[in-house]
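Participant: Structure incoming, see below.
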Amino acid sequence: MYPTRNSDSAGTLVGAKLAGNAKSRGESGSNDVPRKVSGNARRRSPAWAPVISIAVAAFAVETPFFFLGTPSGHDVEFHLYSWLEVLSQWKLGIVYPRWGALANFSYGEPRFIFYPPASWTLGAAISAIFPWTLAASIYIWLVLLAAGVCMYVLARKWLDRGDATFAAVLYAINPYHLVIVYWRSALAELLASSLLPLLLLLLLRADEKGRRVTVYLALLLASAWLMNAPAAVMIHYSLALLMLVIAWQRRSPRILLVGTIAVILGAALAAVYLLPAIYEQKWVTIAEAVSAGSRPQDSFLFSHTTDADHDAFNRVISWIAVGEILMTVAAAWTARSWRGRNRTLWYSLVIWATACSLLMLSITHGLWKVLPKLQYMQFPWRWMLCLGVPFTLLIVMGVRQWTARIAIYLALLGVLAFGWHHFQAPWWDHAADLREMQDNMAAGAGYEGVDEYAPVGTDPSSVSKDARRVAVDGPAHAAIHVSQWTPEFKLFTAEMSAPDDLALRLFNYPAWRVEVNGHEVQTGAREVTGQMLVPVEAGVNRVQISLVRTRDRTAGGWISLLALVLAFVLWKLSPAG
C-alpha cells in the first residue's frame, strides 16, 4: 500500500464531504485529506525545514559562482542592463519606465513597453539594495526558492512532508532550471516557473474552492503575462489542456467555464502591460523576434542550422530534454498505481508531459504554424519549463527508494556535465565585467538594443557613435544649449543661422510629442538610421520633447483597475471554500 501523507502523525482528520466528493469522481479521498500532525512530529520536523532545504539546494546551485563568476548566458546582458536602466529611471522619479533611453547606445528603444515588468522590477529592486556584482546571484537564489516553495505547496496536498520536500528541491534545481541559470540567463522565464505548480493545484481544487478559484486563477494568469510572454503562452496552452483532462476525468464541464472566465479576467488584470504591448507592435519591427535562428523550426530537438554555436547549444538542450523525457516516461510507469488512487492527478501529469514532449519534436511543426502566438515562443525546447512539474511529481510518486531518487538526479547532472565538456561550456564573466556594465550606464555610453524593439524605419547598426545629443542635419550653423535630457523629457534651445533640421541622438517613435516654441511640430526621420529630425526656423528655437501617455496606455490602465475591482468583488462575494 502506498504510504499515506504524514506517516509520522498520530491520527487523521477525515473530512466526510471532501472524501465523498473525491470518491464520486473516482478518486481516493485519503490522498486528498490532510492529517493532523502530533506535537512530537512537529518537533522532529520543524515547519520551516522544507524552506531551509530548498534554500540550501538553491544556494548549492550557485556554488560555482564563487570560483568562476556570474554565468554569462544568452540573455544576461539584456536583463542586467534593463535592471540598471530601470534603477536609474527610478532615481529620476519615473516609477514605471517605458523607454529604454540608453539602448542602442543612447538612441533608445521602447523595451519596457514590450518586455513584461515583473523581472526587471525585481532585478532593479535587488540592485538598489545589494552590491551590483551580487544582484544576479541573489535574484536567481530567490527565484529558485520561490519555485521550490510553490512545488512544496502542490506536492503537500498528496505527499508526506519528506516526499513533498524532496519534490520541492528536485523542482527548484531541475535540469532545465540549471540550463537557464548556466547557459541561457533567461531570468524572466525562470521567474515564471513558480506559477506552474500553482496552476495545476488551482485546477485540481476548482471544485473545492467554489468561485474564489476563478479569482485566484485569474491572478495567476495575469502574473504570467507580467512575468514572461513566452511562458504565459505555455501556461495558457497548459491551462486549456489540463482543463480538458480534468473536465473529462471528473465529468465536470464547470471546470471549462471557470478556466474561460479566468483567462478573460486575467488578461484584463494584465491589460496595463498587455494592451500597449499588443497595440504598439505596429510601431516596432516585432517580426524580428522570429527571424532566422529564432524560429521554431530552427530549435526542435537535434535540429541543424548553418550557425555552429546555435547547433552546439541545441545539442546540449536536446540531450537534456531526451534524458528528462525518458525519466518522466519511466516514472509514469512506476507511478501507474496512482490511476486507482487519484486518476485525475495521474492523467493530468501524464497527458501534460506527453504534450510538452511532443511539442519539442519537429513532427509538430504544423501546430507551431497554426496555433495562435505559439511561434513567438521561438524555441520548442522551452516546453521543458512545463515538463518540470510532471517530471518532478511522477518521479516522487513512482520512485520510492531515496537512493534511486538521488541516482536519478545524479544521472541528469551527468547529462549536463557531458554537454558542458563535449558540446558547449557556459560563458563566465567576472566582477570586472559587471562593473564595466555599470560604468557604461553611468557614463551614458549605453548598450546594444534588441532587434524586435527597434522602431519601424530605424537601423540601430547604422547609427553614428557621435556623442552629441543634438546636431544640425544640414548646412546651417547653430548654437545648441541642452537644459534637460532625461529618458522621457528633453529640453534644449537652438539658435539657428537659417531654417534647418536638427538631428537628435534619439530614435523616432509615435509616442514622442515635439514642440518648437510652444507649437507642436511634425518630426521626420533621417534616412537609413531613422533618428529623429526636428524642423526649426532661423533664430532662437526652444525645443521640448515629451514621451506622452498614448491612448492604448491609458485604456490599459483603466481596464486593469476595473478588473482589479471586479476581482475583489468576486472574491468577497464567493464562499471561502
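By convention here, the chains of the C-alpha cells are called A, B, ... in the order presented, each chain's residues are numbered starting at 1, and ligands are numbered starting at 1 in the order presented.
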I'd like a table as a tab-separated table: residues in range 97-204 of chain A with an atom no more than 10 Å from range 268-275 of chain A, each row giving the shortest atom pair and its distance in Å to one decimal, only C-alpha atoms counted, sorted by chain and rising residue number.
Facilitator:
residue	atom	partner	partner_atom	distance
A:Phe112	CA	A:Tyr273	CA	9.2
A:Ile113	CA	A:Tyr273	CA	7.0
A:Phe114	CA	A:Tyr273	CA	7.8
A:Tyr115	CA	A:Tyr273	CA	8.7
A:Pro116	CA	A:Tyr273	CA	6.9
A:Pro117	CA	A:Tyr273	CA	8.0
Participant: Could you please take those selected residues and save all heavy atoms as a tab-separated table (two decimals), in the first residue's frame?
Facilitator:
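Ended up saving to selection.tsv:
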chain	number	residue	atom	x	y	z
A	112	PHE	N	10.56	48.64	-22.46
A	112	PHE	CA	9.75	48.40	-21.27
A	112	PHE	C	8.25	48.44	-21.57
A	112	PHE	O	7.44	48.12	-20.71
A	112	PHE	CB	10.11	49.39	-20.18
A	112	PHE	CG	11.56	49.31	-19.79
A	112	PHE	CD1	12.40	50.40	-19.96
A	112	PHE	CD2	12.10	48.14	-19.30
A	112	PHE	CE1	13.75	50.33	-19.63
A	112	PHE	CE2	13.45	48.05	-18.98
A	112	PHE	CZ	14.27	49.15	-19.14
A	113	ILE	N	7.90	48.82	-22.79
A	113	ILE	CA	6.51	48.66	-23.23
A	113	ILE	C	6.25	47.21	-23.61
A	113	ILE	O	5.18	46.67	-23.35
A	113	ILE	CB	6.22	49.60	-24.42
A	113	ILE	CG1	6.18	51.05	-23.94
A	113	ILE	CG2	4.90	49.22	-25.10
A	113	ILE	CD1	5.99	52.06	-25.04
A	114	PHE	N	7.27	46.56	-24.18
A	114	PHE	CA	7.07	45.22	-24.72
A	114	PHE	C	7.56	44.11	-23.80
A	114	PHE	O	7.06	42.99	-23.87
A	114	PHE	CB	7.77	45.11	-26.08
A	114	PHE	CG	7.17	46.03	-27.10
A	114	PHE	CD1	7.76	47.24	-27.40
A	114	PHE	CD2	5.99	45.70	-27.75
A	114	PHE	CE1	7.20	48.11	-28.33
A	114	PHE	CE2	5.42	46.55	-28.68
A	114	PHE	CZ	6.03	47.76	-28.97
A	115	TYR	N	8.55	44.38	-22.95
A	115	TYR	CA	9.04	43.33	-22.07
A	115	TYR	C	8.32	43.42	-20.73
A	115	TYR	O	8.29	44.49	-20.11
A	115	TYR	CB	10.55	43.40	-21.87
A	115	TYR	CG	11.12	42.05	-21.51
A	115	TYR	CD1	11.42	41.13	-22.50
A	115	TYR	CD2	11.29	41.67	-20.18
A	115	TYR	CE1	11.90	39.87	-22.19
A	115	TYR	CE2	11.77	40.42	-19.86
A	115	TYR	CZ	12.07	39.52	-20.86
A	115	TYR	OH	12.53	38.26	-20.54
A	116	PRO	N	7.72	42.33	-20.24
A	116	PRO	CA	6.91	42.37	-19.02
A	116	PRO	C	7.69	42.91	-17.83
A	116	PRO	O	8.91	42.72	-17.72
A	116	PRO	CB	6.51	40.90	-18.82
A	116	PRO	CG	6.58	40.30	-20.18
A	116	PRO	CD	7.72	40.98	-20.86
A	117	PRO	N	7.01	43.55	-16.89
A	117	PRO	CA	7.70	44.31	-15.85
A	117	PRO	C	8.19	43.54	-14.63
A	117	PRO	O	9.02	44.04	-13.89
A	117	PRO	CB	6.63	45.33	-15.41
A	117	PRO	CG	5.33	44.63	-15.67
A	117	PRO	CD	5.56	43.82	-16.91
Participant: Using only C-alpha atoms, determine which residues lie at most 9 Å from Ile126 in chain A, disregarding the query and same-chain residues fewer than 6 positions distant; provide the list as a list in words.
Facilitator: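 Non-adjacent residues within range: Trp83, Trp132, Leu134, Ala135, Ala136, Ile138 and Tyr139 of chain A.
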Participant: Give me a file of those residues, with C-alpha atoms, as a short mmCIF file (atom, residue, chain, number, x, y, z; two decimals), in the first residue's frame.
Facilitator:
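Listing of again_22.cif after writing:
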data_model
loop_
_atom_site.label_atom_id
_atom_site.label_comp_id
_atom_site.auth_asym_id
_atom_site.auth_seq_id
_atom_site.Cartn_x
_atom_site.Cartn_y
_atom_site.Cartn_z
CA TRP A 83 17.85 46.42 -14.30
CA TRP A 132 25.72 45.17 -8.12
CA LEU A 134 25.75 40.10 -6.35
CA ALA A 135 22.42 41.19 -7.85
CA ALA A 136 22.06 38.38 -10.40
CA ILE A 138 20.54 36.96 -5.31
CA TYR A 139 17.81 37.13 -7.97
#
Participant: Enumerate as a ChimeraX atom specification all residues of range 109-200 of chain A assigned to helix (DSSP H, G or I) by DSSP on the backbone, naming them with the chain letters and numbers the document uses.
Facilitator: /A:111-114,117-129,132-155,161-172,175-184,187-192,195-200
Participant: Got a sec: who's within 6 Å of Asp459 in chain A, counting only C-alpha atoms, leaving out chain neighbours fewer than 2 positions off, as a count of residues only?
Facilitator: 3
Participant: Within 10 Å of range 400-414 of chain A, counting only C-alpha atoms, which residues qualify if same-chain residues fewer than 2 places away don't, as a compact mmCIF listing (two decimals) with all heavy atoms, in the first residue's frame?
Facilitator:
# COMPACT_ATOMS: atom_id res chain seq x y z
N TYR A 2 0.56 2.23 -0.85
CA TYR A 2 1.33 3.47 -0.93
C TYR A 2 1.26 4.21 0.39
O TYR A 2 0.20 4.34 0.99
CB TYR A 2 0.77 4.34 -2.05
CG TYR A 2 1.60 5.55 -2.33
CD1 TYR A 2 2.66 5.47 -3.21
CD2 TYR A 2 1.33 6.75 -1.68
CE1 TYR A 2 3.44 6.59 -3.46
CE2 TYR A 2 2.10 7.87 -1.92
CZ TYR A 2 3.15 7.78 -2.81
OH TYR A 2 3.91 8.87 -3.07
N PRO A 3 2.39 4.68 0.94
CA PRO A 3 2.38 5.36 2.25
C PRO A 3 1.48 6.57 2.22
O PRO A 3 1.50 7.36 1.29
CB PRO A 3 3.86 5.79 2.42
CG PRO A 3 4.64 4.90 1.51
CD PRO A 3 3.73 4.58 0.38
N ASP A 163 8.53 13.54 1.38
CA ASP A 163 8.41 13.42 -0.07
C ASP A 163 8.13 14.78 -0.71
O ASP A 163 8.65 15.09 -1.79
CB ASP A 163 7.29 12.43 -0.43
CG ASP A 163 7.70 10.99 -0.19
OD1 ASP A 163 8.91 10.73 -0.06
OD2 ASP A 163 6.80 10.12 -0.12
N PHE A 166 11.36 16.68 -0.89
CA PHE A 166 12.20 16.20 -1.99
C PHE A 166 11.68 16.71 -3.33
O PHE A 166 12.46 17.13 -4.19
CB PHE A 166 12.25 14.67 -2.00
CG PHE A 166 13.07 14.13 -3.14
CD1 PHE A 166 14.46 14.11 -3.08
CD2 PHE A 166 12.46 13.64 -4.30
CE1 PHE A 166 15.21 13.62 -4.14
CE2 PHE A 166 13.21 13.16 -5.36
CZ PHE A 166 14.59 13.14 -5.28
N LEU A 170 13.81 19.00 -5.85
CA LEU A 170 14.03 18.49 -7.21
C LEU A 170 13.51 19.48 -8.24
O LEU A 170 14.17 19.74 -9.26
CB LEU A 170 13.34 17.14 -7.38
CG LEU A 170 13.45 16.49 -8.77
CD1 LEU A 170 14.90 16.25 -9.15
CD2 LEU A 170 12.66 15.18 -8.82
N ILE A 173 15.76 22.77 -8.55
CA ILE A 173 17.04 22.62 -9.24
C ILE A 173 16.95 21.56 -10.33
O ILE A 173 17.91 20.84 -10.60
CB ILE A 173 18.17 22.31 -8.24
CG1 ILE A 173 17.87 21.02 -7.47
CG2 ILE A 173 18.37 23.46 -7.28
CD1 ILE A 173 19.02 20.61 -6.55
N ASN A 174 15.77 21.50 -10.99
CA ASN A 174 15.61 20.52 -12.07
C ASN A 174 16.50 20.89 -13.25
O ASN A 174 16.96 22.04 -13.36
CB ASN A 174 14.13 20.38 -12.46
CG ASN A 174 13.64 21.52 -13.32
OD1 ASN A 174 14.01 21.69 -14.47
ND2 ASN A 174 12.76 22.35 -12.74
N PRO A 175 16.78 19.95 -14.14
CA PRO A 175 17.77 20.20 -15.20
C PRO A 175 17.52 21.44 -16.04
O PRO A 175 18.46 22.16 -16.39
CB PRO A 175 17.68 18.92 -16.05
CG PRO A 175 17.26 17.87 -15.09
CD PRO A 175 16.32 18.55 -14.15
N LEU A 178 18.65 24.53 -14.35
CA LEU A 178 20.10 24.66 -14.40
C LEU A 178 20.56 25.17 -15.76
O LEU A 178 21.52 25.94 -15.85
CB LEU A 178 20.76 23.32 -14.06
CG LEU A 178 20.47 22.76 -12.67
CD1 LEU A 178 21.25 21.48 -12.43
CD2 LEU A 178 20.79 23.78 -11.59
N TRP A 319 19.88 16.77 -25.66
CA TRP A 319 20.21 15.60 -24.84
C TRP A 319 19.60 15.71 -23.44
O TRP A 319 19.14 14.72 -22.87
CB TRP A 319 21.73 15.42 -24.75
CG TRP A 319 22.31 14.79 -25.98
CD1 TRP A 319 23.16 15.36 -26.88
CD2 TRP A 319 22.08 13.45 -26.44
NE1 TRP A 319 23.46 14.47 -27.88
CE2 TRP A 319 22.82 13.29 -27.64
CE3 TRP A 319 21.31 12.39 -25.98
CZ2 TRP A 319 22.81 12.10 -28.35
CZ3 TRP A 319 21.30 11.21 -26.69
CH2 TRP A 319 22.05 11.06 -27.87
N ILE A 320 19.61 16.90 -22.89
CA ILE A 320 18.99 17.09 -21.59
C ILE A 320 17.49 16.83 -21.67
O ILE A 320 16.90 16.19 -20.79
CB ILE A 320 19.27 18.52 -21.08
CG1 ILE A 320 20.76 18.68 -20.78
CG2 ILE A 320 18.45 18.83 -19.82
CD1 ILE A 320 21.19 20.09 -20.48
N ALA A 321 16.85 17.32 -22.74
CA ALA A 321 15.41 17.09 -22.91
C ALA A 321 15.10 15.61 -23.06
O ALA A 321 14.15 15.10 -22.45
CB ALA A 321 14.91 17.86 -24.13
N GLY A 323 16.86 13.08 -21.93
CA GLY A 323 17.04 12.45 -20.63
C GLY A 323 15.86 12.69 -19.71
O GLY A 323 15.37 11.77 -19.04
N GLU A 324 15.36 13.92 -19.71
CA GLU A 324 14.23 14.24 -18.84
C GLU A 324 12.95 13.54 -19.30
O GLU A 324 12.16 13.07 -18.48
CB GLU A 324 14.02 15.76 -18.80
CG GLU A 324 13.09 16.21 -17.71
CD GLU A 324 13.17 17.71 -17.44
OE1 GLU A 324 14.24 18.31 -17.69
OE2 GLU A 324 12.16 18.28 -16.99
N MET A 327 13.19 9.83 -18.34
CA MET A 327 12.97 9.69 -16.90
C MET A 327 11.48 9.85 -16.55
O MET A 327 10.96 9.15 -15.69
CB MET A 327 13.79 10.73 -16.15
CG MET A 327 15.28 10.52 -16.21
SD MET A 327 15.80 9.06 -15.27
CE MET A 327 17.59 9.17 -15.48
N THR A 334 6.16 3.59 -13.31
CA THR A 334 6.27 3.09 -11.93
C THR A 334 5.21 3.70 -11.02
O THR A 334 4.89 3.12 -9.98
CB THR A 334 7.67 3.39 -11.36
OG1 THR A 334 7.91 4.81 -11.40
CG2 THR A 334 8.75 2.68 -12.16
N ALA A 335 4.66 4.86 -11.41
CA ALA A 335 3.63 5.51 -10.60
C ALA A 335 2.23 5.19 -11.09
O ALA A 335 1.26 5.83 -10.68
CB ALA A 335 3.84 7.03 -10.61
N ILE A 395 8.29 11.36 -10.61
CA ILE A 395 9.45 10.70 -10.01
C ILE A 395 9.21 10.47 -8.52
O ILE A 395 9.46 9.38 -7.99
CB ILE A 395 10.72 11.55 -10.24
CG1 ILE A 395 11.21 11.36 -11.68
CG2 ILE A 395 11.83 11.15 -9.26
CD1 ILE A 395 12.45 12.15 -12.01
N VAL A 396 8.70 11.47 -7.83
CA VAL A 396 8.48 11.32 -6.39
C VAL A 396 7.38 10.30 -6.11
O VAL A 396 7.47 9.52 -5.16
CB VAL A 396 8.13 12.69 -5.76
CG1 VAL A 396 7.84 12.53 -4.27
CG2 VAL A 396 9.28 13.67 -5.96
N MET A 397 6.34 10.29 -6.93
CA MET A 397 5.25 9.34 -6.74
C MET A 397 5.65 7.92 -7.11
O MET A 397 5.18 6.95 -6.49
CB MET A 397 4.05 9.77 -7.59
CG MET A 397 3.36 11.03 -7.09
SD MET A 397 2.37 11.87 -8.37
CE MET A 397 1.39 10.52 -9.00
N GLY A 398 6.51 7.78 -8.12
CA GLY A 398 6.81 6.44 -8.63
C GLY A 398 8.08 5.82 -8.10
O GLY A 398 8.22 4.60 -8.09
N LEU A 416 24.13 17.01 -17.99
CA LEU A 416 24.56 18.40 -18.07
C LEU A 416 26.07 18.51 -18.15
O LEU A 416 26.61 19.28 -18.95
CB LEU A 416 24.06 19.18 -16.85
CG LEU A 416 22.73 19.89 -17.02
CD1 LEU A 416 21.64 19.15 -16.27
CD2 LEU A 416 22.82 21.31 -16.53
N ALA A 417 26.77 17.73 -17.32
CA ALA A 417 28.23 17.79 -17.33
C ALA A 417 28.78 17.33 -18.67
O ALA A 417 29.76 17.89 -19.20
CB ALA A 417 28.78 16.91 -16.20
N PHE A 418 28.16 16.30 -19.26
CA PHE A 418 28.60 15.81 -20.57
C PHE A 418 28.44 16.90 -21.63
O PHE A 418 29.32 17.14 -22.45
CB PHE A 418 27.77 14.58 -20.96
CG PHE A 418 28.17 13.97 -22.28
CD1 PHE A 418 29.29 13.18 -22.36
CD2 PHE A 418 27.43 14.21 -23.42
CE1 PHE A 418 29.67 12.62 -23.58
CE2 PHE A 418 27.79 13.67 -24.63
CZ PHE A 418 28.91 12.87 -24.72
N GLY A 419 27.29 17.57 -21.58
CA GLY A 419 27.07 18.66 -22.52
C GLY A 419 28.06 19.80 -22.32
O GLY A 419 28.55 20.41 -23.27
N TRP A 420 28.36 20.08 -21.06
CA TRP A 420 29.30 21.15 -20.73
C TRP A 420 30.66 20.88 -21.38
O TRP A 420 31.26 21.75 -22.03
CB TRP A 420 29.42 21.23 -19.22
CG TRP A 420 30.26 22.34 -18.67
CD1 TRP A 420 31.41 22.87 -19.19
CD2 TRP A 420 30.01 23.07 -17.46
NE1 TRP A 420 31.89 23.85 -18.38
CE2 TRP A 420 31.05 24.00 -17.31
CE3 TRP A 420 29.02 23.00 -16.48
CZ2 TRP A 420 31.12 24.86 -16.22
CZ3 TRP A 420 29.09 23.86 -15.41
CH2 TRP A 420 30.13 24.78 -15.28
Participant: When you look at range 294-301 of chain A with a cut-off of 12 Å (counting only C-alpha atoms), what residues show up, excluding the ones that are within fewer than 6 positions of it in the same chain? I need them as a ChimeraX atom specification.
Facilitator: /A:287-288,307,310-322,325,357-369,373-384,451-452
Participant: Go through range 335-369 of chain A and flag each residue having an atom no more than 10 Å from range 188-206 of chain A; for those, report the closest pair of atoms plus their distance in Å to one decimal, using only C-alpha atoms, ordered by chain and rising number, as CSV.
Facilitator:
residue,atom,partner,partner_atom,distance
A:Thr344,CA,A:Leu204,CA,8.0
A:Leu345,CA,A:Leu204,CA,7.7
A:Ser348,CA,A:Leu200,CA,8.6
A:Leu349,CA,A:Leu200,CA,9.1
Participant: Taking the backbone alone, and naming residues the way the document does, which bits of range 290-510 of chain A are strand (DSSP E) by DSSP, as a PyMOL selection string?
Facilitator: chain A and resi 428-429+470-472+478-486+489-496+500-507
Participant: Calculated over only C-alpha atoms, which of the candidates A:Trp183, A:Phe66, A:Tyr216, A:Trp99 has the smallest distance to Thr486 in chain A?
Facilitator: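 Nearest to Thr486 in chain A: A:Trp99.
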Participant: Can you list, as a ChimeraX atom specification, every protein, DNA or RNA residue that comes within 9 Å of Ile54 in chain A when you count only C-alpha atoms, leaving out same-chain residues fewer than 6 positions away?
Facilitator: /A:144-146,148-149,165-166,168-170,172-173
Participant: One number please: CA of Gln438 in chain A to CA of Pro426 in chain A, in Å, one decimal.
Facilitator: 22.3 Å
Participant: What is the distance, in Å and to one decimal place, between CA of Ile351 in chain A and CA of Gln249 in chain A?
Facilitator: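 Calculated distance between CA of Ile351 in chain A and CA of Gln249 in chain A is 12.1 Å.
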Participant: Could you work out how far CA of Arg526 in chain A lies from CA of Asp473 in chain A, giving the answer in Å with one decimal?
Facilitator: 8.6 Å
